[in-house]
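Engineer: Have a look at this one before I ask anything.
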Amino acid sequence: MLAGSRLSLAVPDVNLVQAALGCNVDHAIAVDDGRTRLSYGALRDAVCEARSSLAAMPARRIALLADNGVGWVVADLALHLERLPNVPLPAFFTDAQLRHVLDDAGIDALLTDDPERPARLLPHWVDGGT
């Protein structure tokens with residue numbers, strides 16, 4: 001990047017992601033995390049289902065707190081395709097660090113594979129308070 005030029009963030013090529021999910025090899029393995037394996041067809045279906053769930057949410061700033069596995073891949077792809085910002089959160093962050101990121105970034109929804117952690121982090125979200 002040239003000195004003085006604007007910093008540009010890497011933006012996923014949504015068309016490329018959609019093309020990859022629409023490949024004609026539905027039975028070929030797309031992702032395998034050692035516990036769960038999805039073919040391209042199953043991945044496409046899972047991402048479509050996740051996109052429907054995201055579209056029904058009023059949230060516009062979303063954080064993702066999950067292990068690097070199939071669920072994370074599905075959520076990340078769905079967020080990209082819905083053109084929603086995704087703030088990935090490392091599981092090794094302390095609760096205090098996570099609270100800071102969630103507050104500082106103005107996160108209004110947290111996707112996670114650890115349902116107990118949000119109850120500790122954000123009890124007012126879980127209990128429906130403000």
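By order of appearance in the structure tokens: chains A, B, ..., then residues from 1 within every chain, and ligands from 1 in the order shown.
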Excluding Gly106 in chain A and any residue of its chain fewer than 5 positions from it, enumerate the residues within 10 Å of it, using only C-alpha atoms, and give them as a PyMOL selection string.

Structural biologist: chain A and resi 60-63+100-101

Engineer: Counting only C-alpha atoms, what is within 10 Å of Ala78 in chain A, bar same-chain residues fewer than 5 positions away, as an MDAnalysis selection string?

Structural biologist: chainID A and resid 17 44 46:55 72:73 83:84

Engineer: Looking at A:Val74, A:Leu110, A:Leu79, A:Leu121, which one is nearest to Phe93 in chain A, with distances taken over only C-alpha atoms?

Structural biologist: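 So, comparing all the options, the nearest one is A:Leu121.
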
Engineer: Write down as a VMD selection string the residues belonging to range 10-78 of chain A that are assigned strand (DSSP E) by DSSP computed on the backbone.

Structural biologist: chain A and resid 29 to 32 37 to 39 62 to 65

Engineer: Please report, as a PyMOL selection string, each residue of range 3-123 of chain A to which DSSP assigns alpha helix (DSSP H) when run on this structure's backbone.

Structural biologist: chain A and resi 14-21+40-55+70-81+95-104+116-121+123

Engineer: Using only C-alpha atoms, determine which residues lie at most 12 Å from Asn68 in chain A, disregarding the query and same-chain residues fewer than 5 positions distant; provide the list as a ChimeraX atom specification.

Structural biologist: /A:31-36,73-76,88-91,112-113

Engineer: Only N, CA and C atoms, please: the residues just picked out, written as a tab-separated table (two decimals), in the first residue's frame.

Structural biologist:
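part_18.tsv, written as the output of this step:
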chain	number	residue	atom	x	y	z
A	31	VAL	N	-15.94	-29.24	4.43
A	31	VAL	CA	-15.32	-28.88	5.71
A	31	VAL	C	-15.39	-30.07	6.65
A	32	ASP	N	-14.31	-30.27	7.39
A	32	ASP	CA	-14.21	-31.39	8.32
A	32	ASP	C	-13.36	-30.92	9.49
A	33	ASP	N	-13.94	-30.87	10.69
A	33	ASP	CA	-13.19	-30.40	11.85
A	33	ASP	C	-12.78	-31.53	12.79
A	34	GLY	N	-12.93	-32.75	12.33
A	34	GLY	CA	-12.57	-33.89	13.15
A	34	GLY	C	-13.74	-34.44	13.96
A	35	ARG	N	-14.76	-33.63	14.15
A	35	ARG	CA	-15.98	-34.06	14.85
A	35	ARG	C	-17.17	-34.09	13.90
A	36	THR	N	-17.20	-33.08	13.03
A	36	THR	CA	-18.31	-32.92	12.09
A	36	THR	C	-17.74	-32.74	10.69
A	73	VAL	N	-17.52	-22.04	10.86
A	73	VAL	CA	-17.48	-21.84	9.40
A	73	VAL	C	-18.87	-21.47	8.88
A	74	VAL	N	-19.89	-22.19	9.32
A	74	VAL	CA	-21.26	-21.93	8.88
A	74	VAL	C	-21.68	-20.52	9.28
A	75	ALA	N	-21.44	-20.16	10.55
A	75	ALA	CA	-21.82	-18.83	11.02
A	75	ALA	C	-21.06	-17.74	10.28
A	76	ASP	N	-19.77	-17.93	10.10
A	76	ASP	CA	-18.94	-16.92	9.42
A	76	ASP	C	-19.41	-16.71	7.97
A	88	PRO	N	-14.94	-11.71	15.39
A	88	PRO	CA	-14.58	-13.01	15.96
A	88	PRO	C	-13.89	-12.81	17.31
A	89	LEU	N	-14.31	-13.59	18.29
A	89	LEU	CA	-13.77	-13.48	19.64
A	89	LEU	C	-13.03	-14.76	20.00
A	90	PRO	N	-11.79	-14.66	20.44
A	90	PRO	CA	-11.06	-15.86	20.82
A	90	PRO	C	-11.56	-16.43	22.15
A	91	ALA	N	-11.68	-17.73	22.21
A	91	ALA	CA	-12.18	-18.39	23.42
A	91	ALA	C	-11.24	-18.20	24.61
A	112	THR	N	-22.59	-18.11	19.69
A	112	THR	CA	-21.62	-18.90	20.43
A	112	THR	C	-22.00	-20.37	20.43
A	113	ASP	N	-20.98	-21.21	20.64
A	113	ASP	CA	-21.22	-22.64	20.81
A	113	ASP	C	-21.11	-23.01	22.29

Engineer: Can you measure CA of Leu64 in chain A to CA of Ala30 in chain A for me? One decimal in Å is fine.

Structural biologist: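 Going from CA of Leu64 in chain A over to CA of Ala30 in chain A covers 20.9 Å.
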
Engineer: Measuring between only C-alpha atoms, which one of A:Ala19, A:Val70, A:Ala28, A:Ala59 shows the shortest distance to Pro85 in chain A?

Structural biologist: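 The shortest atom-to-atom distance to Pro85 in chain A comes from A:Ala59.
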
Engineer: Find the residue from A:Asp95, A:Asn86, A:Ala42, A:Pro58 that sits nearest to Arg117 in chain A; use only C-alpha atoms when measuring.

Structural biologist: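 Of all the options, A:Asp95 lies closest to Arg117 in chain A.
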
Engineer: Do you have the CA of Leu21 in chain A-CA of Gly41 in chain A distance handy?

Structural biologist: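 Pair CA of Leu21 in chain A / CA of Gly41 in chain A returns 7.6 Å.
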
Engineer: At what distance in Å, to one decimal, does CA of His80 in chain A lie from CA of Pro118 in chain A?

Structural biologist: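 About the pair CA of Pro118 in chain A and CA of His80 in chain A: they are 22.8 Å apart.
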